[in-house]
$ cat start33.pdb   # PDB, C-alpha atoms
ATOM      1  CA  MET Z   1      62.870 179.505  68.968
ATOM      2  CA  ALA Z   2      59.165 179.375  68.166
ATOM      3  CA  LYS Z   3      57.312 176.226  69.117
ATOM      4  CA  THR Z   4      55.890 174.178  66.273
ATOM      5  CA  LYS Z   5      52.228 173.204  66.305
ATOM      6  CA  THR Z   6      51.002 169.933  64.876
ATOM      7  CA  ILE Z   7      47.898 170.579  62.797
ATOM      8  CA  TYR Z   8      47.626 167.170  61.141
ATOM      9  CA  GLU Z   9      49.027 163.711  61.777
ATOM     10  CA  LYS Z  10      48.333 160.180  60.637
ATOM     11  CA  SER Z  11      45.429 158.477  62.370
ATOM     12  CA  ASN Z  12      46.187 155.982  65.125
ATOM     13  CA  GLY Z  13      43.843 153.712  63.231
ATOM     14  CA  LEU Z  14      46.618 153.115  60.686
ATOM     15  CA  SER Z  15      49.831 151.200  61.341
ATOM     16  CA  ASP Z  16      53.319 152.386  60.412
ATOM     17  CA  ALA Z  17      53.475 149.993  57.446
ATOM     18  CA  HIS Z  18      53.978 151.606  54.037
ATOM     19  CA  LEU Z  19      50.964 151.249  51.756
ATOM     20  CA  SER Z  20      51.483 148.947  48.782
ATOM     21  CA  TYR Z  21      49.212 150.781  46.345
ATOM     22  CA  CYS Z  22      50.230 152.291  43.028
ATOM     23  CA  PRO Z  23      50.738 156.065  42.641
ATOM     24  CA  GLY Z  24      47.413 157.836  42.194
ATOM     25  CA  CYS Z  25      45.321 154.979  43.570
ATOM     26  CA  THR Z  26      42.732 156.236  46.033
ATOM     27  CA  HIS Z  27      42.799 153.178  48.313
ATOM     28  CA  GLY Z  28      45.091 155.162  50.588
ATOM     29  CA  ILE Z  29      42.548 157.954  51.007
ATOM     30  CA  ILE Z  30      39.792 155.451  51.754
ATOM     31  CA  HIS Z  31      42.004 153.665  54.301
ATOM     32  CA  LYS Z  32      42.590 157.017  55.980
ATOM     33  CA  LEU Z  33      38.860 157.654  56.244
ATOM     34  CA  VAL Z  34      38.140 154.207  57.672
ATOM     35  CA  ALA Z  35      40.861 154.656  60.295
ATOM     36  CA  GLU Z  36      39.750 158.160  61.277
ATOM     37  CA  CYS Z  37      36.109 157.117  61.657
ATOM     38  CA  LEU Z  38      36.977 154.176  63.901
ATOM     39  CA  VAL Z  39      39.150 156.362  66.133
ATOM     40  CA  GLU Z  40      36.635 159.212  66.330
ATOM     41  CA  LEU Z  41      33.842 156.799  67.249
ATOM     42  CA  ASP Z  42      36.120 155.253  69.906
ATOM     43  CA  VAL Z  43      35.602 151.731  68.578
ATOM     44  CA  LEU Z  44      39.063 150.900  67.216
ATOM     45  CA  ASP Z  45      39.859 148.528  70.079
ATOM     46  CA  ARG Z  46      36.753 146.437  69.347
ATOM     47  CA  THR Z  47      36.832 146.566  65.558
ATOM     48  CA  ILE Z  48      37.525 143.583  63.308
ATOM     49  CA  GLY Z  49      38.164 144.192  59.618
ATOM     50  CA  ILE Z  50      37.931 141.567  56.889
ATOM     51  CA  SER Z  51      40.581 141.690  54.167
ATOM     52  CA  SER Z  52      39.375 140.599  50.754
ATOM     53  CA  VAL Z  53      41.326 139.276  47.786
ATOM     54  CA  GLY Z  54      42.529 141.996  45.427
ATOM     55  CA  CYS Z  55      44.685 145.103  45.654
ATOM     56  CA  SER Z  56      43.611 145.556  49.267
ATOM     57  CA  ALA Z  57      44.525 142.004  50.300
ATOM     58  CA  LEU Z  58      47.413 143.243  52.430
ATOM     59  CA  ASN Z  59      45.371 145.761  54.385
ATOM     60  CA  TYR Z  60      45.632 143.595  57.481
ATOM     61  CA  ASP Z  61      49.091 145.193  57.704
ATOM     62  CA  PHE Z  62      47.740 148.731  57.343
ATOM     63  CA  PHE Z  63      44.930 149.011  59.902
ATOM     64  CA  SER Z  64      45.642 149.064  63.649
ATOM     65  CA  CYS Z  65      42.539 147.038  64.523
ATOM     66  CA  ASP Z  66      42.187 143.254  64.439
ATOM     67  CA  MET Z  67      41.977 141.906  60.894
ATOM     68  CA  GLN Z  68      40.952 138.591  59.325
ATOM     69  CA  GLN Z  69      41.771 137.422  55.785
ATOM     70  CA  ALA Z  70      38.899 135.920  53.800
ATOM     71  CA  ALA Z  71      38.844 133.769  50.687
ATOM     72  CA  HIS Z  72      37.984 135.531  47.423
ATOM     73  CA  GLY Z  73      34.513 137.060  47.672
ATOM     74  CA  ARG Z  74      33.688 135.498  51.027
ATOM     75  CA  ALA Z  75      34.296 138.527  53.249
ATOM     76  CA  PRO Z  76      30.585 139.119  54.077
ATOM     77  CA  ALA Z  77      30.211 135.486  55.123
ATOM     78  CA  VAL Z  78      33.288 135.726  57.349
ATOM     79  CA  ALA Z  79      32.002 139.031  58.744
ATOM     80  CA  THR Z  80      28.667 137.375  59.521
ATOM     81  CA  GLY Z  81      30.309 134.606  61.515
ATOM     82  CA  ILE Z  82      32.537 136.966  63.479
ATOM     83  CA  LYS Z  83      29.699 139.385  64.242
ATOM     84  CA  ARG Z  84      27.420 136.626  65.498
ATOM     85  CA  VAL Z  85      30.119 135.298  67.816
ATOM     86  CA  LYS Z  86      31.168 138.804  68.933
ATOM     87  CA  PRO Z  87      27.999 140.922  68.574
ATOM     88  CA  ASP Z  88      29.443 143.935  70.412
ATOM     89  CA  SER Z  89      32.361 144.258  68.007
ATOM     90  CA  ILE Z  90      32.410 146.571  64.988
ATOM     91  CA  VAL Z  91      32.923 144.433  61.875
ATOM     92  CA  PHE Z  92      33.644 145.756  58.389
ATOM     93  CA  THR Z  93      34.665 144.218  55.089
ATOM     94  CA  TYR Z  94      36.894 146.059  52.633
ATOM     95  CA  GLN Z  95      36.216 144.810  49.090
ATOM     96  CA  GLY Z  96      36.916 145.749  45.495
ATOM     97  CA  ASP Z  97      34.523 145.363  42.584
ATOM     98  CA  GLY Z  98      36.034 142.063  41.453
ATOM     99  CA  ASP Z  99      35.818 140.609  44.948
ATOM    100  CA  LEU Z 100      32.319 141.883  45.788
ATOM    101  CA  ALA Z 101      30.498 142.404  42.499
ATOM    102  CA  SER Z 102      31.691 139.196  40.832
ATOM    103  CA  ILE Z 103      32.664 136.126  42.845
ATOM    104  CA  GLY Z 104      31.320 137.549  46.101
ATOM    105  CA  ILE Z 105      27.991 138.958  44.959
ATOM    106  CA  ALA Z 106      25.932 136.186  46.571
ATOM    107  CA  GLU Z 107      27.544 136.661  49.969
ATOM    108  CA  ALA Z 108      26.949 140.430  49.850
ATOM    109  CA  ILE Z 109      23.322 140.082  48.764
ATOM    110  CA  HIS Z 110      22.452 137.488  51.391
ATOM    111  CA  ALA Z 111      24.214 139.372  54.183
ATOM    112  CA  ALA Z 112      22.031 142.359  53.294
ATOM    113  CA  HIS Z 113      18.882 140.196  53.077
ATOM    114  CA  ARG Z 114      19.581 138.840  56.555
ATOM    115  CA  GLY Z 115      20.119 142.365  57.823
ATOM    116  CA  GLU Z 116      23.516 141.476  59.276
ATOM    117  CA  ASN Z 117      24.784 144.273  61.502
ATOM    118  CA  VAL Z 118      28.038 144.749  59.557
ATOM    119  CA  THR Z 119      29.478 147.413  57.246
ATOM    120  CA  ILE Z 120      30.800 146.818  53.732
ATOM    121  CA  VAL Z 121      33.342 149.258  52.341
ATOM    122  CA  PHE Z 122      33.063 148.711  48.589
ATOM    123  CA  VAL Z 123      35.741 150.203  46.316
ATOM    124  CA  ASN Z 124      34.627 150.509  42.680
ATOM    125  CA  ASN Z 125      37.406 151.272  40.189
ATOM    126  CA  ALA Z 126      35.691 149.543  37.254
ATOM    127  CA  ILE Z 127      38.452 146.979  36.713
ATOM    128  CA  TYR Z 128      40.294 144.014  38.193
ATOM    129  CA  GLY Z 129      43.352 145.800  39.564
ATOM    130  CA  MET Z 130      45.602 143.216  41.214
ATOM    131  CA  THR Z 131      45.382 140.507  38.549
ATOM    132  CA  GLY Z 132      46.276 142.613  35.536
ATOM    133  CA  GLY Z 133      43.402 144.852  34.502
ATOM    134  CA  GLN Z 134      40.697 142.479  33.298
ATOM    135  CA  MET Z 135      37.078 143.516  32.755
ATOM    136  CA  ALA Z 136      35.049 143.613  35.974
ATOM    137  CA  PRO Z 137      31.261 143.564  36.473
ATOM    138  CA  THR Z 138      31.526 147.346  36.926
ATOM    139  CA  THR Z 139      33.605 148.057  33.783
ATOM    140  CA  LEU Z 140      31.863 150.716  31.693
ATOM    141  CA  ILE Z 141      30.526 150.228  28.185
ATOM    142  CA  GLY Z 142      33.345 150.986  25.746
ATOM    143  CA  GLN Z 143      36.016 150.787  28.453
ATOM    144  CA  LYS Z 144      39.115 148.917  27.276
ATOM    145  CA  THR Z 145      40.678 146.259  29.496
ATOM    146  CA  THR Z 146      42.994 143.312  28.944
ATOM    147  CA  THR Z 147      39.960 141.083  28.364
ATOM    148  CA  SER Z 148      37.946 143.693  26.448
ATOM    149  CA  PRO Z 149      40.623 145.237  24.225
ATOM    150  CA  ASP Z 150      38.014 146.794  21.927
ATOM    151  CA  GLY Z 151      35.912 148.043  24.819
ATOM    152  CA  ARG Z 152      33.109 146.414  26.792
ATOM    153  CA  GLU Z 153      30.067 145.659  24.626
ATOM    154  CA  GLU Z 154      26.570 145.513  26.076
ATOM    155  CA  ALA Z 155      25.472 142.771  23.666
ATOM    156  CA  HIS Z 156      28.346 140.567  24.801
ATOM    157  CA  SER Z 157      28.769 141.364  28.507
ATOM    158  CA  GLY Z 158      25.611 143.201  29.531
ATOM    159  CA  LEU Z 159      25.491 146.521  31.323
ATOM    160  CA  PRO Z 160      27.813 147.312  34.255
ATOM    161  CA  LEU Z 161      26.352 146.356  37.629
ATOM    162  CA  LYS Z 162      25.099 149.198  39.804
ATOM    163  CA  ILE Z 163      25.729 147.684  43.219
ATOM    164  CA  SER Z 164      24.347 150.495  45.394
ATOM    165  CA  GLU Z 165      21.098 150.698  43.438
ATOM    166  CA  MET Z 166      20.701 146.932  43.579
ATOM    167  CA  MET Z 167      21.472 146.637  47.297
ATOM    168  CA  ALA Z 168      19.049 149.450  48.085
ATOM    169  CA  THR Z 169      16.158 147.259  46.892
ATOM    170  CA  ILE Z 170      16.889 144.678  49.593
ATOM    171  CA  PRO Z 171      14.519 145.012  52.586
ATOM    172  CA  GLY Z 172      17.200 143.982  55.098
ATOM    173  CA  ALA Z 173      19.606 146.751  54.118
ATOM    174  CA  THR Z 174      19.582 149.808  56.382
ATOM    175  CA  TYR Z 175      21.888 152.365  54.783
ATOM    176  CA  ILE Z 176      23.411 152.456  51.275
ATOM    177  CA  GLU Z 177      25.370 155.410  49.871
ATOM    178  CA  ARG Z 178      27.754 155.973  46.970
ATOM    179  CA  VAL Z 179      30.563 158.506  47.422
ATOM    180  CA  SER Z 180      33.775 159.602  45.730
ATOM    181  CA  VAL Z 181      37.160 160.890  46.862
ATOM    182  CA  HIS Z 182      38.181 162.807  43.737
ATOM    183  CA  ASN Z 183      38.575 166.143  45.528
ATOM    184  CA  PRO Z 184      38.683 167.464  49.135
ATOM    185  CA  LYS Z 185      34.997 168.401  49.166
ATOM    186  CA  HIS Z 186      33.991 164.865  48.281
ATOM    187  CA  VAL Z 187      36.516 163.333  50.674
ATOM    188  CA  ILE Z 188      34.735 165.192  53.486
ATOM    189  CA  LYS Z 189      31.346 163.961  52.238
ATOM    190  CA  ALA Z 190      32.688 160.414  51.956
ATOM    191  CA  LYS Z 191      33.918 160.462  55.537
ATOM    192  CA  LYS Z 192      30.541 161.679  56.752
ATOM    193  CA  ALA Z 193      28.808 158.798  54.971
ATOM    194  CA  LEU Z 194      31.259 156.195  56.258
ATOM    195  CA  LYS Z 195      31.038 157.507  59.805
ATOM    196  CA  LYS Z 196      27.255 157.306  59.654
ATOM    197  CA  ALA Z 197      27.483 153.686  58.489
ATOM    198  CA  PHE Z 198      29.699 152.774  61.441
ATOM    199  CA  GLU Z 199      27.397 154.682  63.817
ATOM    200  CA  ILE Z 200      24.425 152.706  62.512
ATOM    201  CA  GLN Z 201      26.301 149.483  63.167
ATOM    202  CA  LYS Z 202      27.360 150.716  66.614
ATOM    203  CA  ASN Z 203      23.680 151.356  67.381
ATOM    204  CA  LYS Z 204      22.807 147.829  66.197
ATOM    205  CA  GLN Z 205      20.573 149.115  63.401
ATOM    206  CA  GLY Z 206      21.631 146.703  60.671
ATOM    207  CA  PHE Z 207      23.423 146.291  57.353
ATOM    208  CA  THR Z 208      25.287 149.198  55.760
ATOM    209  CA  LEU Z 209      27.301 149.565  52.553
ATOM    210  CA  ILE Z 210      29.323 152.543  51.366
ATOM    211  CA  GLU Z 211      30.467 152.427  47.740
ATOM    212  CA  PHE Z 212      33.531 154.501  46.834
ATOM    213  CA  ILE Z 213      34.175 155.573  43.245
ATOM    214  CA  SER Z 214      37.929 155.033  42.909
ATOM    215  CA  THR Z 215      40.674 155.128  40.281
ATOM    216  CA  CYS Z 216      43.195 152.663  38.863
ATOM    217  CA  PRO Z 217      45.682 154.789  36.890
ATOM    218  CA  VAL Z 218      48.057 151.918  36.063
ATOM    219  CA  ASN Z 219      45.456 149.540  34.634
ATOM    220  CA  TRP Z 220      43.548 152.386  33.029
ATOM    221  CA  GLY Z 221      46.796 153.423  31.323
ATOM    222  CA  MET Z 222      46.573 156.992  32.609
ATOM    223  CA  LYS Z 223      48.472 159.467  34.716
ATOM    224  CA  PRO Z 224      46.937 159.949  38.188
ATOM    225  CA  LYS Z 225      45.363 163.344  37.408
ATOM    226  CA  ASP Z 226      43.942 162.065  34.121
ATOM    227  CA  ALA Z 227      42.495 159.058  35.945
ATOM    228  CA  VAL Z 228      40.682 161.317  38.415
ATOM    229  CA  ASP Z 229      39.289 163.379  35.539
ATOM    230  CA  TRP Z 230      38.191 160.204  33.736
ATOM    231  CA  ALA Z 231      36.388 158.942  36.824
ATOM    232  CA  VAL Z 232      34.538 162.247  37.194
ATOM    233  CA  ASP Z 233      33.646 162.458  33.490
ATOM    234  CA  ASN Z 234      32.761 158.803  32.913
ATOM    235  CA  MET Z 235      32.151 156.847  36.122
ATOM    236  CA  ILE Z 236      30.098 159.318  38.141
ATOM    237  CA  PRO Z 237      27.552 159.940  35.340
ATOM    238  CA  TYR Z 238      26.861 156.184  35.236
ATOM    239  CA  TYR Z 239      27.346 155.660  38.970
ATOM    240  CA  PRO Z 240      25.709 158.790  40.447
ATOM    241  CA  LEU Z 241      26.675 159.789  43.964
ATOM    242  CA  GLY Z 242      24.177 159.949  46.793
ATOM    243  CA  VAL Z 243      22.115 158.087  49.366
ATOM    244  CA  PHE Z 244      20.156 155.192  47.874
ATOM    245  CA  LYS Z 245      18.599 153.936  51.101
ATOM    246  CA  ASP Z 246      18.404 155.196  54.669
ATOM    247  CA  LYS Z 247      15.956 153.365  56.900
ATOM    248  CA  THR Z 248      17.089 155.441  59.875
ATOM    249  CA  ASN Z 249      15.566 158.530  58.242
ATOM    250  CA  GLU Z 250      12.424 156.613  57.363
ATOM    251  CA  GLU Z 251      12.055 155.499  60.972
ATOM    252  CA  ALA Z 252      12.684 159.039  62.230
ATOM    253  CA  ASN Z 253       9.917 160.371  59.990
TER     254      ASN Z 253
END
$ encode --input "start33.pdb" --output "structure tokens"
Amino acid sequence: MAKTKTIYEKSNGLSDAHLSYCPGCTHGIIHKLVAECLVELDVLDRTIGISSVGCSALNYDFFSCDMQQAAHGRAPAVATGIKRVKPDSIVFTYQGDGDLASIGIAEAIHAAHRGENVTIVFVNNAIYGMTGGQMAPTTLIGQKTTTSPDGREEAHSGLPLKISEMMATIPGATYIERVSVHNPKHVIKAKKALKKAFEIQKNKQGFTLIEFISTCPVNWGMKPKDAVDWAVDNMIPYYPLGVFKDKTNEEAN
């Protein structure tokens, strides 16, 4: 009998708990990338993740590293405290657009201004997912939600926040990049960006934020494939992918 060869297996950075996310949601892919990066950088045993409030609130069950729950929007403040007490640890927050871009925007901005040596994993699906699909700061113009049934209007709610562009203007921020996981090619690019962010933190070079364009098929009222197509056709044109700041390159040059 021929021997079987394992060519892929789940990262040791993830626990055996079943993910709680809806079908088609890309949180699972992003979790996978976080876990793989921590293992490959050999920092899993000294990593502390901060769970936010939102769809990812239960991720303290999913990652194999130490985790700490934070109040809504306060993950960067909690990360700051932990990092200052344990400066040799790797500390990351995992936040959605409601948690970071709305109630938690001040904490994120000031953590960047202080140049805290932490990493923010920011998941942008343009909607409040866990609480029923309300309009978020990142909801697109014309996008229908439970609190904007006729579509978001600029005159009423302003333009959607571009977090990566805004954070890149902050002098204390070291590395800011926006990525997507809508196909294998971009999953590979996203992992490269996230791994670089963790490497920067490992080298004590300062604040990093990686923004992931994500989907929310249930609250968007779409099938998973249609949601991916909608994100590509509508979100990425408004939220273009790429590096918005990289002080490590500036210093190298």
$ resolve_selection --input "start33.pdb" --expression "the PyMOL selection byres ((chain Z and resi 196) around 12)" --output "mmCIF file with C-alpha atoms, in the coordinates of the input"
data_model
loop_
_atom_site.group_PDB
_atom_site.id
_atom_site.type_symbol
_atom_site.label_atom_id
_atom_site.label_comp_id
_atom_site.auth_asym_id
_atom_site.auth_seq_id
_atom_site.Cartn_x
_atom_site.Cartn_y
_atom_site.Cartn_z
ATOM 1 C CA VAL Z 34 38.140 154.207 57.672
ATOM 2 C CA CYS Z 37 36.109 157.117 61.657
ATOM 3 C CA LEU Z 38 36.977 154.176 63.901
ATOM 4 C CA GLU Z 40 36.635 159.212 66.330
ATOM 5 C CA LEU Z 41 33.842 156.799 67.249
ATOM 6 C CA THR Z 119 29.478 147.413 57.246
ATOM 7 C CA THR Z 174 19.582 149.808 56.382
ATOM 8 C CA TYR Z 175 21.888 152.365 54.783
ATOM 9 C CA ILE Z 176 23.411 152.456 51.275
ATOM 10 C CA GLU Z 177 25.370 155.410 49.871
ATOM 11 C CA LYS Z 189 31.346 163.961 52.238
ATOM 12 C CA ALA Z 190 32.688 160.414 51.956
ATOM 13 C CA LYS Z 191 33.918 160.462 55.537
ATOM 14 C CA LYS Z 192 30.541 161.679 56.752
ATOM 15 C CA ALA Z 193 28.808 158.798 54.971
ATOM 16 C CA LEU Z 194 31.259 156.195 56.258
ATOM 17 C CA LYS Z 195 31.038 157.507 59.805
ATOM 18 C CA ALA Z 197 27.483 153.686 58.489
ATOM 19 C CA PHE Z 198 29.699 152.774 61.441
ATOM 20 C CA GLU Z 199 27.397 154.682 63.817
ATOM 21 C CA ILE Z 200 24.425 152.706 62.512
ATOM 22 C CA GLN Z 201 26.301 149.483 63.167
ATOM 23 C CA LYS Z 202 27.360 150.716 66.614
ATOM 24 C CA ASN Z 203 23.680 151.356 67.381
ATOM 25 C CA GLN Z 205 20.573 149.115 63.401
ATOM 26 C CA PHE Z 207 23.423 146.291 57.353
ATOM 27 C CA THR Z 208 25.287 149.198 55.760
ATOM 28 C CA LEU Z 209 27.301 149.565 52.553
ATOM 29 C CA ILE Z 210 29.323 152.543 51.366
ATOM 30 C CA VAL Z 243 22.115 158.087 49.366
ATOM 31 C CA ASP Z 246 18.404 155.196 54.669
ATOM 32 C CA THR Z 248 17.089 155.441 59.875
ATOM 33 C CA ASN Z 249 15.566 158.530 58.242
#
$ atom_distance --input "start33.pdb" --atom1 "atom CA of Z:Asp42" --atom2 "atom CA of Z:Ile82"
19.7 Å
$ atom_distance --input "start33.pdb" --atom1 "atom CA of Z:Ile50" --atom2 "atom CA of Z:Val232"
28.8 Å
$ closest_residue --input "start33.pdb" --among "Z:Tyr8, Z:Tyr238, Z:Phe92, Z:Tyr21" --to "Z:Ala57" --atoms "only C-alpha atoms"
Z:Tyr21
$ atom_distance --input "start33.pdb" --atom1 "atom CA of Z:Pro23" --atom2 "atom CA of Z:Pro224"
7.0 Å
$ resolve_selection --input "start33.pdb" --expression "the PyMOL selection byres ((chain Z and resi 61) around 10)" --output "CSV table (one decimal) with C-alpha atoms, keeping the file's coordinate frame"
chain,number,residue,atom,x,y,z
Z,14,LEU,CA,46.6,153.1,60.7
Z,15,SER,CA,49.8,151.2,61.3
Z,16,ASP,CA,53.3,152.4,60.4
Z,17,ALA,CA,53.5,150.0,57.4
Z,18,HIS,CA,54.0,151.6,54.0
Z,19,LEU,CA,51.0,151.2,51.8
Z,20,SER,CA,51.5,148.9,48.8
Z,51,SER,CA,40.6,141.7,54.2
Z,57,ALA,CA,44.5,142.0,50.3
Z,58,LEU,CA,47.4,143.2,52.4
Z,59,ASN,CA,45.4,145.8,54.4
Z,60,TYR,CA,45.6,143.6,57.5
Z,62,PHE,CA,47.7,148.7,57.3
Z,63,PHE,CA,44.9,149.0,59.9
Z,64,SER,CA,45.6,149.1,63.6
Z,65,CYS,CA,42.5,147.0,64.5
Z,66,ASP,CA,42.2,143.3,64.4
Z,67,MET,CA,42.0,141.9,60.9
$ residues_around --input "start33.pdb" --residues "Z:Ser52" --least-positions-apart "4" --cutoff "7 Å" --atoms "all atoms listed in the file" --output "PyMOL selection string"
chain Z and resi 56-57+69-73+75+94-95+99
$ write_last_selection --input "start33.pdb" --atoms "C-alpha atoms" --output "PDB file, in the frame of the given file"
ATOM      1  CA  SER Z  56      43.611 145.556  49.267  1.00  0.00           C
ATOM      2  CA  ALA Z  57      44.525 142.004  50.300  1.00  0.00           C
ATOM      3  CA  GLN Z  69      41.771 137.422  55.785  1.00  0.00           C
ATOM      4  CA  ALA Z  70      38.899 135.920  53.800  1.00  0.00           C
ATOM      5  CA  ALA Z  71      38.844 133.769  50.687  1.00  0.00           C
ATOM      6  CA  HIS Z  72      37.984 135.531  47.423  1.00  0.00           C
ATOM      7  CA  GLY Z  73      34.513 137.060  47.672  1.00  0.00           C
ATOM      8  CA  ALA Z  75      34.296 138.527  53.249  1.00  0.00           C
ATOM      9  CA  TYR Z  94      36.894 146.059  52.633  1.00  0.00           C
ATOM     10  CA  GLN Z  95      36.216 144.810  49.090  1.00  0.00           C
ATOM     11  CA  ASP Z  99      35.818 140.609  44.948  1.00  0.00           C
TER      12      ASP Z  99
END
$ closest_residue --input "start33.pdb" --among "Z:Pro217, Z:Gly54, Z:Gly115, Z:Gly104" --to "Z:Val78" --atoms "only C-alpha atoms"
Z:Gly104
$ build_atoms --input "start33.pdb" --residues "stretch 196-219 of chain Z" --atoms "N, CA and C atoms" --output "short mmCIF file (atom, residue, chain, number, x, y, z; two decimals), in the coordinates of the input"
data_model
loop_
_atom_site.label_atom_id
_atom_site.label_comp_id
_atom_site.auth_asym_id
_atom_site.auth_seq_id
_atom_site.Cartn_x
_atom_site.Cartn_y
_atom_site.Cartn_z
N LYS Z 196 28.65 157.62 59.38
CA LYS Z 196 27.26 157.31 59.65
C LYS Z 196 27.02 155.80 59.59
N ALA Z 197 27.63 155.14 58.61
CA ALA Z 197 27.48 153.69 58.49
C ALA Z 197 27.99 152.98 59.74
N PHE Z 198 29.16 153.39 60.23
CA PHE Z 198 29.70 152.77 61.44
C PHE Z 198 28.84 153.10 62.66
N GLU Z 199 28.28 154.31 62.70
CA GLU Z 199 27.40 154.68 63.82
C GLU Z 199 26.14 153.82 63.81
N ILE Z 200 25.60 153.56 62.62
CA ILE Z 200 24.42 152.71 62.51
C ILE Z 200 24.74 151.31 63.04
N GLN Z 201 25.91 150.80 62.66
CA GLN Z 201 26.30 149.48 63.17
C GLN Z 201 26.50 149.52 64.69
N LYS Z 202 27.14 150.56 65.17
CA LYS Z 202 27.36 150.72 66.61
C LYS Z 202 26.04 150.71 67.37
N ASN Z 203 25.01 151.29 66.76
CA ASN Z 203 23.68 151.36 67.38
C ASN Z 203 22.84 150.12 67.10
N LYS Z 204 23.46 149.12 66.48
CA LYS Z 204 22.81 147.83 66.20
C LYS Z 204 21.56 148.00 65.32
N GLN Z 205 21.71 148.83 64.28
CA GLN Z 205 20.57 149.12 63.40
C GLN Z 205 20.64 148.39 62.06
N GLY Z 206 21.67 147.55 61.84
CA GLY Z 206 21.63 146.70 60.67
C GLY Z 206 22.71 146.93 59.62
N PHE Z 207 22.46 146.38 58.45
CA PHE Z 207 23.42 146.29 57.35
C PHE Z 207 23.66 147.64 56.67
N THR Z 208 24.93 147.96 56.46
CA THR Z 208 25.29 149.20 55.76
C THR Z 208 26.35 148.91 54.71
N LEU Z 209 26.30 149.68 53.62
CA LEU Z 209 27.30 149.56 52.55
C LEU Z 209 27.59 150.97 52.02
N ILE Z 210 28.88 151.30 51.97
CA ILE Z 210 29.32 152.54 51.37
C ILE Z 210 30.17 152.20 50.15
N GLU Z 211 29.73 152.66 48.99
CA GLU Z 211 30.47 152.43 47.74
C GLU Z 211 31.32 153.66 47.43
N PHE Z 212 32.60 153.43 47.18
CA PHE Z 212 33.53 154.50 46.83
C PHE Z 212 33.89 154.42 45.35
N ILE Z 213 33.65 155.50 44.60
CA ILE Z 213 34.17 155.57 43.24
C ILE Z 213 35.68 155.83 43.37
N SER Z 214 36.48 154.97 42.76
CA SER Z 214 37.93 155.03 42.91
C SER Z 214 38.60 155.03 41.53
N THR Z 215 39.91 155.11 41.53
CA THR Z 215 40.67 155.13 40.28
C THR Z 215 41.69 153.99 40.25
N CYS Z 216 42.13 153.66 39.05
CA CYS Z 216 43.20 152.66 38.86
C CYS Z 216 44.08 153.15 37.71
N PRO Z 217 44.90 154.17 37.98
CA PRO Z 217 45.68 154.79 36.89
C PRO Z 217 46.53 153.80 36.08
N VAL Z 218 47.16 152.84 36.76
CA VAL Z 218 48.06 151.92 36.06
C VAL Z 218 47.28 151.07 35.06
N ASN Z 219 46.21 150.42 35.53
CA ASN Z 219 45.46 149.54 34.63
C ASN Z 219 44.56 150.31 33.67
#
